[in-house]
>>> print(open('target.tsv').read())   # TSV, C-alpha atoms and all ligand atoms
chain	number	residue	atom	x	y	z
A	1	MET	CA	99.61	55.92	101.84
A	2	THR	CA	101.51	59.15	101.22
A	3	ILE	CA	102.52	59.67	97.61
A	4	LYS	CA	105.56	61.75	96.82
A	5	ILE	CA	105.08	64.12	93.92
A	6	CYS	CA	107.68	66.26	92.22
A	7	ARG	CA	105.74	69.36	91.26
A	8	ILE	CA	106.89	71.51	88.35
A	9	SER	CA	104.59	74.50	88.03
A	10	GLY	CA	106.64	76.07	85.25
A	11	ASP	CA	105.86	79.27	83.38
A	12	GLY	CA	102.88	81.24	82.11
A	13	ILE	CA	99.59	79.75	83.29
A	14	GLY	CA	101.52	76.77	84.78
A	15	PRO	CA	101.40	77.85	88.44
A	16	GLU	CA	97.66	78.62	88.24
A	17	ILE	CA	96.61	75.31	86.69
A	18	VAL	CA	98.95	73.21	88.85
A	19	ALA	CA	97.52	74.83	91.99
A	20	GLU	CA	94.03	73.69	90.94
A	21	ALA	CA	95.21	70.18	90.11
A	22	SER	CA	96.90	69.95	93.53
A	23	LYS	CA	93.68	71.13	95.18
A	24	VAL	CA	91.65	68.41	93.47
A	25	LEU	CA	94.32	65.79	94.14
A	26	ASP	CA	94.46	66.63	97.85
A	27	THR	CA	90.67	66.45	98.07
A	28	VAL	CA	90.37	63.07	96.42
A	29	LEU	CA	93.29	61.59	98.38
A	30	ALA	CA	91.95	62.86	101.71
A	31	GLY	CA	88.64	61.19	100.87
A	32	SER	CA	90.31	57.78	100.66
A	33	GLY	CA	92.59	58.23	103.66
A	34	ASN	CA	95.69	59.02	101.60
A	35	SER	CA	97.78	62.12	101.06
A	36	ALA	CA	100.38	63.70	98.82
A	37	VAL	CA	103.59	65.51	99.65
A	38	TYR	CA	104.95	67.89	97.03
A	39	GLN	CA	108.55	68.72	96.22
A	40	ASP	CA	108.51	71.88	94.12
A	41	VAL	CA	111.22	72.31	91.52
A	42	LEU	CA	111.80	74.90	88.82
A	43	MET	CA	111.88	74.14	85.12
A	44	GLY	CA	111.71	76.33	82.03
A	45	GLY	CA	111.93	80.11	82.01
A	46	CYS	CA	111.61	80.43	85.79
A	47	SER	CA	114.66	78.17	86.19
A	48	ILE	CA	116.59	80.22	83.60
A	49	ASP	CA	115.82	83.37	85.59
A	50	LYS	CA	117.02	81.81	88.83
A	51	TYR	CA	119.82	79.41	87.79
A	52	GLY	CA	120.70	80.41	84.22
A	53	VAL	CA	119.63	77.00	82.88
A	54	PRO	CA	116.15	75.61	82.09
A	55	LEU	CA	116.64	72.53	84.29
A	56	THR	CA	119.30	71.79	86.88
A	57	ASP	CA	120.73	68.34	87.60
A	58	GLU	CA	119.47	68.77	91.19
A	59	ALA	CA	115.93	69.18	89.85
A	60	ILE	CA	116.26	65.91	87.91
A	61	ASP	CA	117.56	64.18	91.05
A	62	THR	CA	114.59	65.46	93.04
A	63	ALA	CA	112.23	64.12	90.36
A	64	ARG	CA	113.98	60.73	90.44
A	65	LYS	CA	113.45	60.48	94.19
A	66	CYS	CA	109.71	61.06	93.85
A	67	ASP	CA	107.02	58.62	92.69
A	68	ALA	CA	105.72	60.83	89.88
A	69	VAL	CA	105.95	64.33	88.40
A	70	LEU	CA	103.01	66.70	88.08
A	71	GLN	CA	103.81	69.45	85.62
A	72	GLY	CA	102.18	72.65	84.41
A	73	SER	CA	103.58	74.24	81.29
A	74	ILE	CA	106.84	75.85	80.33
A	75	GLY	CA	108.02	78.57	77.97
A	76	GLY	CA	107.03	82.09	77.03
A	77	ASN	CA	106.23	84.17	74.00
A	78	THR	CA	108.79	83.01	71.45
A	79	THR	CA	108.96	86.37	69.66
A	80	THR	CA	109.07	88.74	72.62
A	81	SER	CA	110.51	86.85	75.61
A	82	PRO	CA	114.24	87.33	76.32
A	83	TRP	CA	114.46	83.55	76.97
A	84	TYR	CA	114.36	83.06	73.19
A	85	LYS	CA	117.45	85.22	72.65
A	86	LEU	CA	119.47	82.48	74.42
A	87	PRO	CA	121.16	79.66	72.52
A	88	PRO	CA	118.64	76.82	71.85
A	89	GLU	CA	120.04	74.48	74.53
A	90	LYS	CA	119.43	77.16	77.19
A	91	ARG	CA	115.82	77.93	76.26
A	92	PRO	CA	112.81	76.80	78.33
A	93	GLU	CA	111.82	73.88	76.04
A	94	ALA	CA	115.30	72.36	76.41
A	95	GLY	CA	114.42	71.70	80.06
A	96	LEU	CA	111.34	69.73	79.06
A	97	LEU	CA	113.25	67.67	76.51
A	98	LYS	CA	116.02	67.07	79.05
A	99	ILE	CA	113.68	65.75	81.74
A	100	ARG	CA	111.85	63.48	79.26
A	101	LYS	CA	115.16	62.01	78.11
A	102	ALA	CA	116.80	61.81	81.53
A	103	LEU	CA	113.85	59.95	83.03
A	104	GLY	CA	113.39	57.68	80.00
A	105	LEU	CA	109.81	58.84	79.44
A	106	TYR	CA	109.39	57.38	75.97
A	107	ALA	CA	105.63	56.78	75.93
A	108	ASN	CA	103.35	59.80	75.77
A	109	LEU	CA	99.64	59.03	76.10
A	110	ARG	CA	97.23	61.78	75.09
A	111	PRO	CA	93.55	60.84	75.24
A	112	ALA	CA	91.21	63.00	73.16
A	113	TYR	CA	87.67	62.44	74.31
A	114	LEU	CA	84.67	64.59	73.47
A	115	TYR	CA	82.48	65.05	76.54
A	116	GLY	CA	78.81	65.02	75.55
A	117	GLU	CA	78.50	68.22	77.59
A	118	LEU	CA	81.02	69.94	75.30
A	119	SER	CA	79.67	68.79	71.95
A	120	GLU	CA	78.61	72.44	71.44
A	121	SER	CA	82.26	73.49	71.61
A	122	CYS	CA	83.44	70.88	69.11
A	123	PRO	CA	84.25	72.82	65.92
A	124	LEU	CA	83.28	69.89	63.68
A	125	ALA	CA	79.92	69.72	61.94
A	126	GLU	CA	77.42	67.17	63.23
A	127	LYS	CA	77.69	63.68	61.79
A	128	ASN	CA	74.50	62.48	60.06
A	129	GLY	CA	72.54	65.04	62.08
A	130	GLU	CA	73.92	63.74	65.42
A	131	PRO	CA	76.41	65.44	67.74
A	132	ARG	CA	79.96	64.15	67.38
A	133	LYS	CA	81.04	61.30	69.61
A	134	PHE	CA	84.66	60.22	69.60
A	135	ASP	CA	87.10	58.75	72.06
A	136	LEU	CA	90.65	58.22	70.88
A	137	ILE	CA	94.08	58.11	72.42
A	138	MET	CA	97.31	59.23	70.85
A	139	VAL	CA	100.36	57.16	71.76
A	140	ARG	CA	103.27	59.42	70.87
A	141	GLU	CA	106.93	58.31	70.97
A	142	LEU	CA	108.61	60.94	73.12
A	143	THR	CA	112.38	60.44	73.35
A	144	GLY	CA	113.49	59.91	69.74
A	145	GLY	CA	113.10	61.18	66.21
A	146	LEU	CA	113.74	64.73	65.08
A	147	TYR	CA	113.56	66.04	68.64
A	148	PHE	CA	116.70	64.19	69.69
A	149	GLY	CA	118.67	63.62	66.47
A	150	ALA	CA	121.84	65.65	65.84
A	151	ARG	CA	121.27	69.20	64.67
A	152	HIS	CA	123.46	72.10	63.67
A	153	THR	CA	123.57	75.25	61.61
A	154	GLU	CA	126.57	75.98	59.43
A	155	GLU	CA	127.60	77.99	56.43
A	156	VAL	CA	127.85	75.90	53.28
A	157	ASN	CA	129.48	77.82	50.44
A	158	GLY	CA	128.55	81.07	52.15
A	159	ILE	CA	124.89	80.01	52.61
A	160	LEU	CA	123.49	79.49	56.09
A	161	THR	CA	122.26	75.91	56.26
A	162	ALA	CA	120.47	74.15	59.12
A	163	THR	CA	120.22	70.38	59.57
A	164	ASP	CA	117.99	68.31	61.88
A	165	THR	CA	118.26	64.54	61.88
A	166	ASP	CA	115.36	62.12	62.20
A	167	VAL	CA	116.61	58.91	63.85
A	168	TYR	CA	114.78	55.83	65.12
A	169	ASN	CA	116.15	52.40	65.86
A	170	GLU	CA	114.04	49.25	65.84
A	171	ASN	CA	114.09	48.90	69.64
A	172	GLU	CA	112.67	52.38	70.14
A	173	ILE	CA	109.90	51.60	67.67
A	174	ARG	CA	109.19	48.17	69.14
A	175	ARG	CA	108.71	49.38	72.71
A	176	ILE	CA	106.35	52.24	71.81
A	177	ALA	CA	104.43	49.94	69.45
A	178	ARG	CA	103.97	47.50	72.34
A	179	THR	CA	102.67	50.35	74.50
A	180	ALA	CA	100.11	51.19	71.82
A	181	PHE	CA	98.97	47.57	71.47
A	182	ASP	CA	98.77	47.16	75.26
A	183	VAL	CA	96.61	50.29	75.45
A	184	ALA	CA	94.45	49.00	72.59
A	185	MET	CA	93.88	45.69	74.43
A	186	LYS	CA	92.12	47.68	77.17
A	187	ARG	CA	90.05	49.63	74.65
A	188	ARG	CA	88.43	48.88	71.28
A	189	LYS	CA	91.43	46.86	70.01
A	190	LYS	CA	92.27	49.02	67.02
A	191	VAL	CA	95.66	50.61	66.33
A	192	THR	CA	96.23	53.13	63.55
A	193	SER	CA	99.95	53.62	63.05
A	194	VAL	CA	100.73	56.98	61.49
A	195	ASP	CA	103.85	57.63	59.43
A	196	LYS	CA	105.19	59.15	56.21
A	197	ALA	CA	106.37	55.88	54.69
A	198	ASN	CA	105.97	57.24	51.16
A	199	VAL	CA	108.97	59.50	51.85
A	200	LEU	CA	110.92	58.72	55.04
A	201	ASP	CA	113.17	55.78	55.89
A	202	THR	CA	112.35	56.15	59.59
A	203	SER	CA	108.70	55.67	58.63
A	204	ARG	CA	109.42	52.59	56.53
A	205	LEU	CA	111.23	51.03	59.48
A	206	TRP	CA	108.34	52.14	61.70
A	207	ARG	CA	105.90	50.22	59.47
A	208	LYS	CA	108.04	47.07	59.39
A	209	ILE	CA	108.54	46.88	63.16
A	210	THR	CA	104.95	47.81	63.97
A	211	LYS	CA	103.76	44.98	61.73
A	212	GLU	CA	106.07	42.56	63.57
A	213	VAL	CA	104.75	43.71	66.95
A	214	SER	CA	101.16	43.35	65.75
A	215	ALA	CA	101.78	39.60	65.33
A	216	GLU	CA	102.10	39.44	69.16
A	217	TYR	CA	98.56	40.85	69.46
A	218	PRO	CA	96.26	38.78	67.26
A	219	GLU	CA	93.15	40.38	68.76
A	220	VAL	CA	94.17	43.91	67.80
A	221	SER	CA	93.74	45.23	64.27
A	222	LEU	CA	96.48	47.36	62.74
A	223	ASP	CA	96.09	49.96	60.00
A	224	ASN	CA	98.79	52.20	58.60
A	225	MET	CA	97.94	55.77	57.70
A	226	LEU	CA	100.05	58.55	56.21
A	227	VAL	CA	100.36	61.56	58.47
A	228	ASP	CA	98.89	64.07	56.04
A	229	ASN	CA	95.86	61.83	55.59
A	230	CYS	CA	95.59	61.43	59.37
A	231	ALA	CA	95.51	65.22	59.80
A	232	MET	CA	92.58	65.26	57.40
A	233	GLN	CA	90.78	62.22	58.88
A	234	LEU	CA	90.92	63.76	62.38
A	235	VAL	CA	88.70	66.62	61.28
A	236	ARG	CA	86.63	64.55	58.87
A	237	ASP	CA	85.83	61.45	60.90
A	238	PRO	CA	87.59	61.19	64.29
A	239	GLU	CA	85.13	58.44	65.28
A	240	GLN	CA	87.16	55.98	63.18
A	241	PHE	CA	90.12	56.10	65.59
A	242	ASP	CA	90.78	54.14	68.77
A	243	VAL	CA	94.56	54.19	69.34
A	244	ILE	CA	96.78	56.36	67.14
A	245	LEU	CA	100.41	55.29	67.33
A	246	THR	CA	102.96	57.74	66.01
A	247	GLU	CA	106.45	59.18	66.26
A	248	ASN	CA	107.52	62.22	68.24
A	249	MET	CA	107.07	65.09	65.78
A	250	PHE	CA	103.88	63.81	64.14
A	251	GLY	CA	102.43	63.15	67.60
A	252	ASP	CA	103.19	66.70	68.70
A	253	ILE	CA	101.30	68.16	65.77
A	254	LEU	CA	98.41	65.69	65.64
A	255	SER	CA	97.76	65.88	69.39
A	256	ASP	CA	97.17	69.64	69.19
A	257	GLU	CA	94.71	68.97	66.39
A	258	ALA	CA	93.05	66.18	68.38
A	259	SER	CA	92.74	68.41	71.43
A	260	MET	CA	91.03	71.19	69.52
A	261	ILE	CA	88.25	68.95	68.26
A	262	THR	CA	87.39	68.07	71.88
A	263	GLY	CA	86.29	71.69	72.25
A	264	SER	CA	89.44	73.28	73.57
A	265	ILE	CA	93.15	72.64	73.86
A	266	GLY	CA	92.51	73.25	77.57
A	267	MET	CA	90.87	69.82	77.92
A	268	LEU	CA	93.63	67.39	76.86
A	269	PRO	CA	95.70	65.68	79.58
A	270	SER	CA	98.82	63.60	79.05
A	271	ALA	CA	100.93	60.95	80.69
A	272	SER	CA	104.59	60.36	79.84
A	273	LEU	CA	105.61	56.89	80.94
A	274	CYS	CA	108.76	54.80	81.19
A	275	GLU	CA	109.37	51.13	81.89
A	276	THR	CA	108.45	51.44	85.61
A	277	SER	CA	105.38	52.92	87.25
A	278	PHE	CA	107.05	56.34	87.41
A	279	GLY	CA	105.50	58.94	85.12
A	280	LEU	CA	105.30	62.61	84.29
A	281	TYR	CA	101.83	64.10	83.95
A	282	GLU	CA	101.14	67.37	82.20
A	283	PRO	CA	98.49	69.05	80.09
A	284	SER	CA	99.16	68.78	76.34
A	285	HIS	CA	98.81	72.54	75.92
A	286	GLY	CA	101.43	75.23	76.34
A	287	SER	CA	102.01	78.04	78.81
A	288	ALA	CA	99.62	80.57	77.18
A	289	PRO	CA	101.70	83.62	78.22
A	290	ASP	CA	99.01	85.99	76.88
A	291	ILE	CA	96.56	84.94	79.62
A	292	ALA	CA	99.07	84.14	82.39
A	293	GLY	CA	98.35	85.60	85.82
A	294	LYS	CA	94.74	86.49	84.93
A	295	ASN	CA	93.12	83.48	86.62
A	296	ILE	CA	91.15	82.65	83.48
A	297	ALA	CA	92.99	79.56	82.19
A	298	ASN	CA	91.18	76.22	81.99
A	299	PRO	CA	92.75	73.90	84.61
A	300	LEU	CA	90.86	70.78	83.46
A	301	ALA	CA	93.67	69.31	81.32
A	302	THR	CA	95.97	69.46	84.35
A	303	ILE	CA	93.30	68.12	86.70
A	304	LEU	CA	92.71	65.23	84.27
A	305	SER	CA	96.48	64.69	84.09
A	306	ALA	CA	96.46	64.27	87.88
A	307	SER	CA	93.76	61.64	87.40
A	308	MET	CA	95.98	59.84	84.87
A	309	MET	CA	98.77	59.97	87.47
A	310	LEU	CA	96.63	58.20	90.07
A	311	ARG	CA	95.61	55.61	87.48
A	312	TYR	CA	98.98	54.84	85.90
A	313	SER	CA	101.58	55.49	88.60
A	314	PHE	CA	99.61	54.54	91.72
A	315	ASN	CA	96.95	52.15	90.47
A	316	MET	CA	94.36	54.22	92.37
A	317	THR	CA	91.50	53.46	90.01
A	318	LYS	CA	88.71	54.59	92.35
A	319	GLU	CA	90.32	57.96	93.00
A	320	ALA	CA	91.12	58.48	89.30
A	321	ASP	CA	87.52	57.66	88.38
A	322	ALA	CA	86.30	60.05	91.09
A	323	ILE	CA	88.21	62.95	89.51
A	324	GLU	CA	86.90	62.15	86.04
A	325	GLU	CA	83.35	61.86	87.36
A	326	ALA	CA	83.70	65.20	89.17
A	327	VAL	CA	84.92	66.86	85.96
A	328	ARG	CA	81.96	65.45	84.06
A	329	LYS	CA	79.52	66.63	86.76
A	330	THR	CA	81.10	70.09	86.74
A	331	LEU	CA	80.60	70.31	82.99
A	332	SER	CA	77.05	69.01	83.14
A	333	ASP	CA	76.30	71.62	85.80
A	334	GLY	CA	77.13	74.21	83.14
A	335	ILE	CA	80.34	75.46	84.75
A	336	ARG	CA	82.67	76.84	82.07
A	337	THR	CA	85.94	78.67	81.74
A	338	THR	CA	85.89	81.06	78.76
A	339	ASP	CA	87.63	78.67	76.34
A	340	ILE	CA	84.76	76.14	76.63
A	341	MET	CA	81.87	78.61	76.66
A	342	PRO	CA	79.51	77.82	73.76
A	343	ALA	CA	79.79	80.37	70.94
A	344	ASP	CA	75.98	80.48	70.74
A	345	LYS	CA	74.85	83.35	73.00
A	346	VAL	CA	71.57	81.72	74.02
A	347	LYS	CA	73.33	78.53	75.08
A	348	ALA	CA	76.10	80.48	76.81
A	349	ALA	CA	73.47	82.34	78.86
A	350	SER	CA	72.49	79.12	80.62
A	351	MET	CA	76.12	78.41	81.65
A	352	LYS	CA	78.05	79.69	84.61
A	353	PRO	CA	81.30	81.44	83.61
A	354	VAL	CA	84.09	80.79	86.11
A	355	SER	CA	87.75	81.62	86.70
A	356	CYS	CA	90.57	79.10	86.82
A	357	SER	CA	90.45	78.80	90.61
A	358	GLU	CA	86.66	78.60	90.67
A	359	MET	CA	86.84	75.74	88.20
A	360	GLY	CA	89.26	73.95	90.56
A	361	ASP	CA	86.89	74.60	93.48
A	362	ALA	CA	83.93	73.34	91.48
A	363	VAL	CA	85.65	70.05	90.62
A	364	ALA	CA	86.96	69.58	94.18
A	365	ALA	CA	83.46	70.18	95.56
A	366	ARG	CA	82.07	67.42	93.32
A	367	ILE	CA	84.56	64.73	94.39
A	368	LYS	CA	82.60	61.85	95.91
B	1	LIG	C1	104.23	69.26	73.84
B	1	LIG	C2	104.94	70.56	73.61
B	1	LIG	C3	106.45	70.32	73.60
B	1	LIG	C4	106.75	69.31	72.52
B	1	LIG	C5	107.29	71.60	73.42
B	1	LIG	C6	106.97	72.62	74.50
B	1	LIG	C7	108.76	71.31	73.37
B	1	LIG	O1	104.51	71.14	72.43
B	1	LIG	O2	104.44	68.63	74.90
B	1	LIG	O3	103.47	68.84	72.97
B	1	LIG	O4	106.90	69.69	71.36
B	1	LIG	O5	106.84	68.13	72.83
B	2	MG	MG	102.91	70.16	71.48
>>> encode(input="target.tsv", output="structure tokens")
Amino acid sequence: MTIKICRISGDGIGPEIVAEASKVLDTVLAGSGNSAVYQDVLMGGCSIDKYGVPLTDEAIDTARKCDAVLQGSIGGNTTTSPWYKLPPEKRPEAGLLKIRKALGLYANLRPAYLYGELSESCPLAEKNGEPRKFDLIMVRELTGGLYFGARHTEEVNGILTATDTDVYNENEIRRIARTAFDVAMKRRKKVTSVDKANVLDTSRLWRKITKEVSAEYPEVSLDNMLVDNCAMQLVRDPEQFDVILTENMFGDILSDEASMITGSIGMLPSASLCETSFGLYEPSHGSAPDIAGKNIANPLATILSASMMLRYSFNMTKEADAIEEAVRKTLSDGIRTTDIMPADKVKAASMKPVSCSEMGDAVAARIK
């Protein structure tokens, strides 16, 4: 089978990490007698430079005609890049929001798993004298809430005033809640729904609908947790979580926190899914403009996103497992990009420091 992938390398470290993910993908597919064809499209700052907009309608059409999207990262330095002098709807991030909305990618899955090999890089203290061990997945609503509600800036009585609107309807909540419960059924059957129901109406509706959906899943337990408490619990006791279900903005913030406790933001993949098998796969991290072009970025989040693509869009379980196994073997062989080097000098001395492309080579070489 030949799978058709729309490839969006994007800005900053995007092209470097996507090249490594493509390398690993091609290796694993060749091993099982399959292949991928790539249609490259521009999104973000590179599209602004070429077309004056962060995402063209043609690019969206190309994505629609493919089976899945593999994406790097978009955007630049928000204080120094000229892209951020443009009106908000012309900036790089607007392209990302546009593609998520246009393709109906409402369910964002972000697994945060601490590899035993990286427990040294986990910033949390040991638990009862043992290395940390957690495995959770964030199910983030991706096409609603504050990100897509009406916004404007106006002068009210001579005072500049900005408004953003947080909107959710019950159907949007119901479908993402079902995604979370479906995911939980394949895991440890525990959903923690995160909201700010002590303040926000959207959160109170979130709680009501989530409770209704939970009745469809008698085997799955449901807890509600306030978002500020969740931020604290993630660094106190991440072992307590299985599936975290939350809205767009909270999920954005909490998933960065969840990624950091796995050792590095460079480790966290993500899948953005719709009602069909189509999906967009990207690392959860940003474009890291400060290290772009230096071949030092960690490509593992993107490589693991490619594995999620094989699993969710193509049902290629064996190939997806092979990538994850190869990543694990690479880590246990002591191969490290700088972001996952242990801080301890003695431990670091037994590791092999590698570049972004060497990390891609190392994973590809370990594909069985
Ligand atoms: C993410 C990113 C995006 C988001 C930005 C780049 C708009 O932070 O995917 O988490 O906020 O969703
Ligand atoms: Mg984010």
>>> closest_residue(input="target.tsv", among="A:Thr56, A:Asn315, A:Ser221, A:Asn128", to="Ser277 in chain A", atoms="only C-alpha atoms")
A:Asn315
>>> residues_near_ligand(input="target.tsv", ligand="ligand MG 2 (chain B)", cutoff="10 Å", atoms="only C-alpha atoms and all ligand atoms", output="list of chain:residue names")
A:Asn248, A:Met249, A:Phe250, A:Gly251, A:Asp252, A:Ile253, A:Leu254, A:Ser255, A:Asp256, A:Glu257, A:Pro283, A:Ser284, A:His285, A:Gly286
>>> atom_distance(input="target.tsv", atom1="CA of Gly10 in chain A", atom2="CA of Ser73 in chain A")
5.3 Å
>>> residues_around(input="target.tsv", residues="Ala215 in chain A", least_positions_apart="4", cutoff="12 Å", atoms="all atoms listed in the file", output="list in words")
Arg174, Ala177, Arg178, Phe181, Lys208, Ile209, Thr210, Lys211, Glu219, Val220, Ser221 and Leu222 of chain A
>>> atom_distance(input="target.tsv", atom1="CA of Asp57 in chain A", atom2="CA of Leu97 in chain A")
13.4 Å
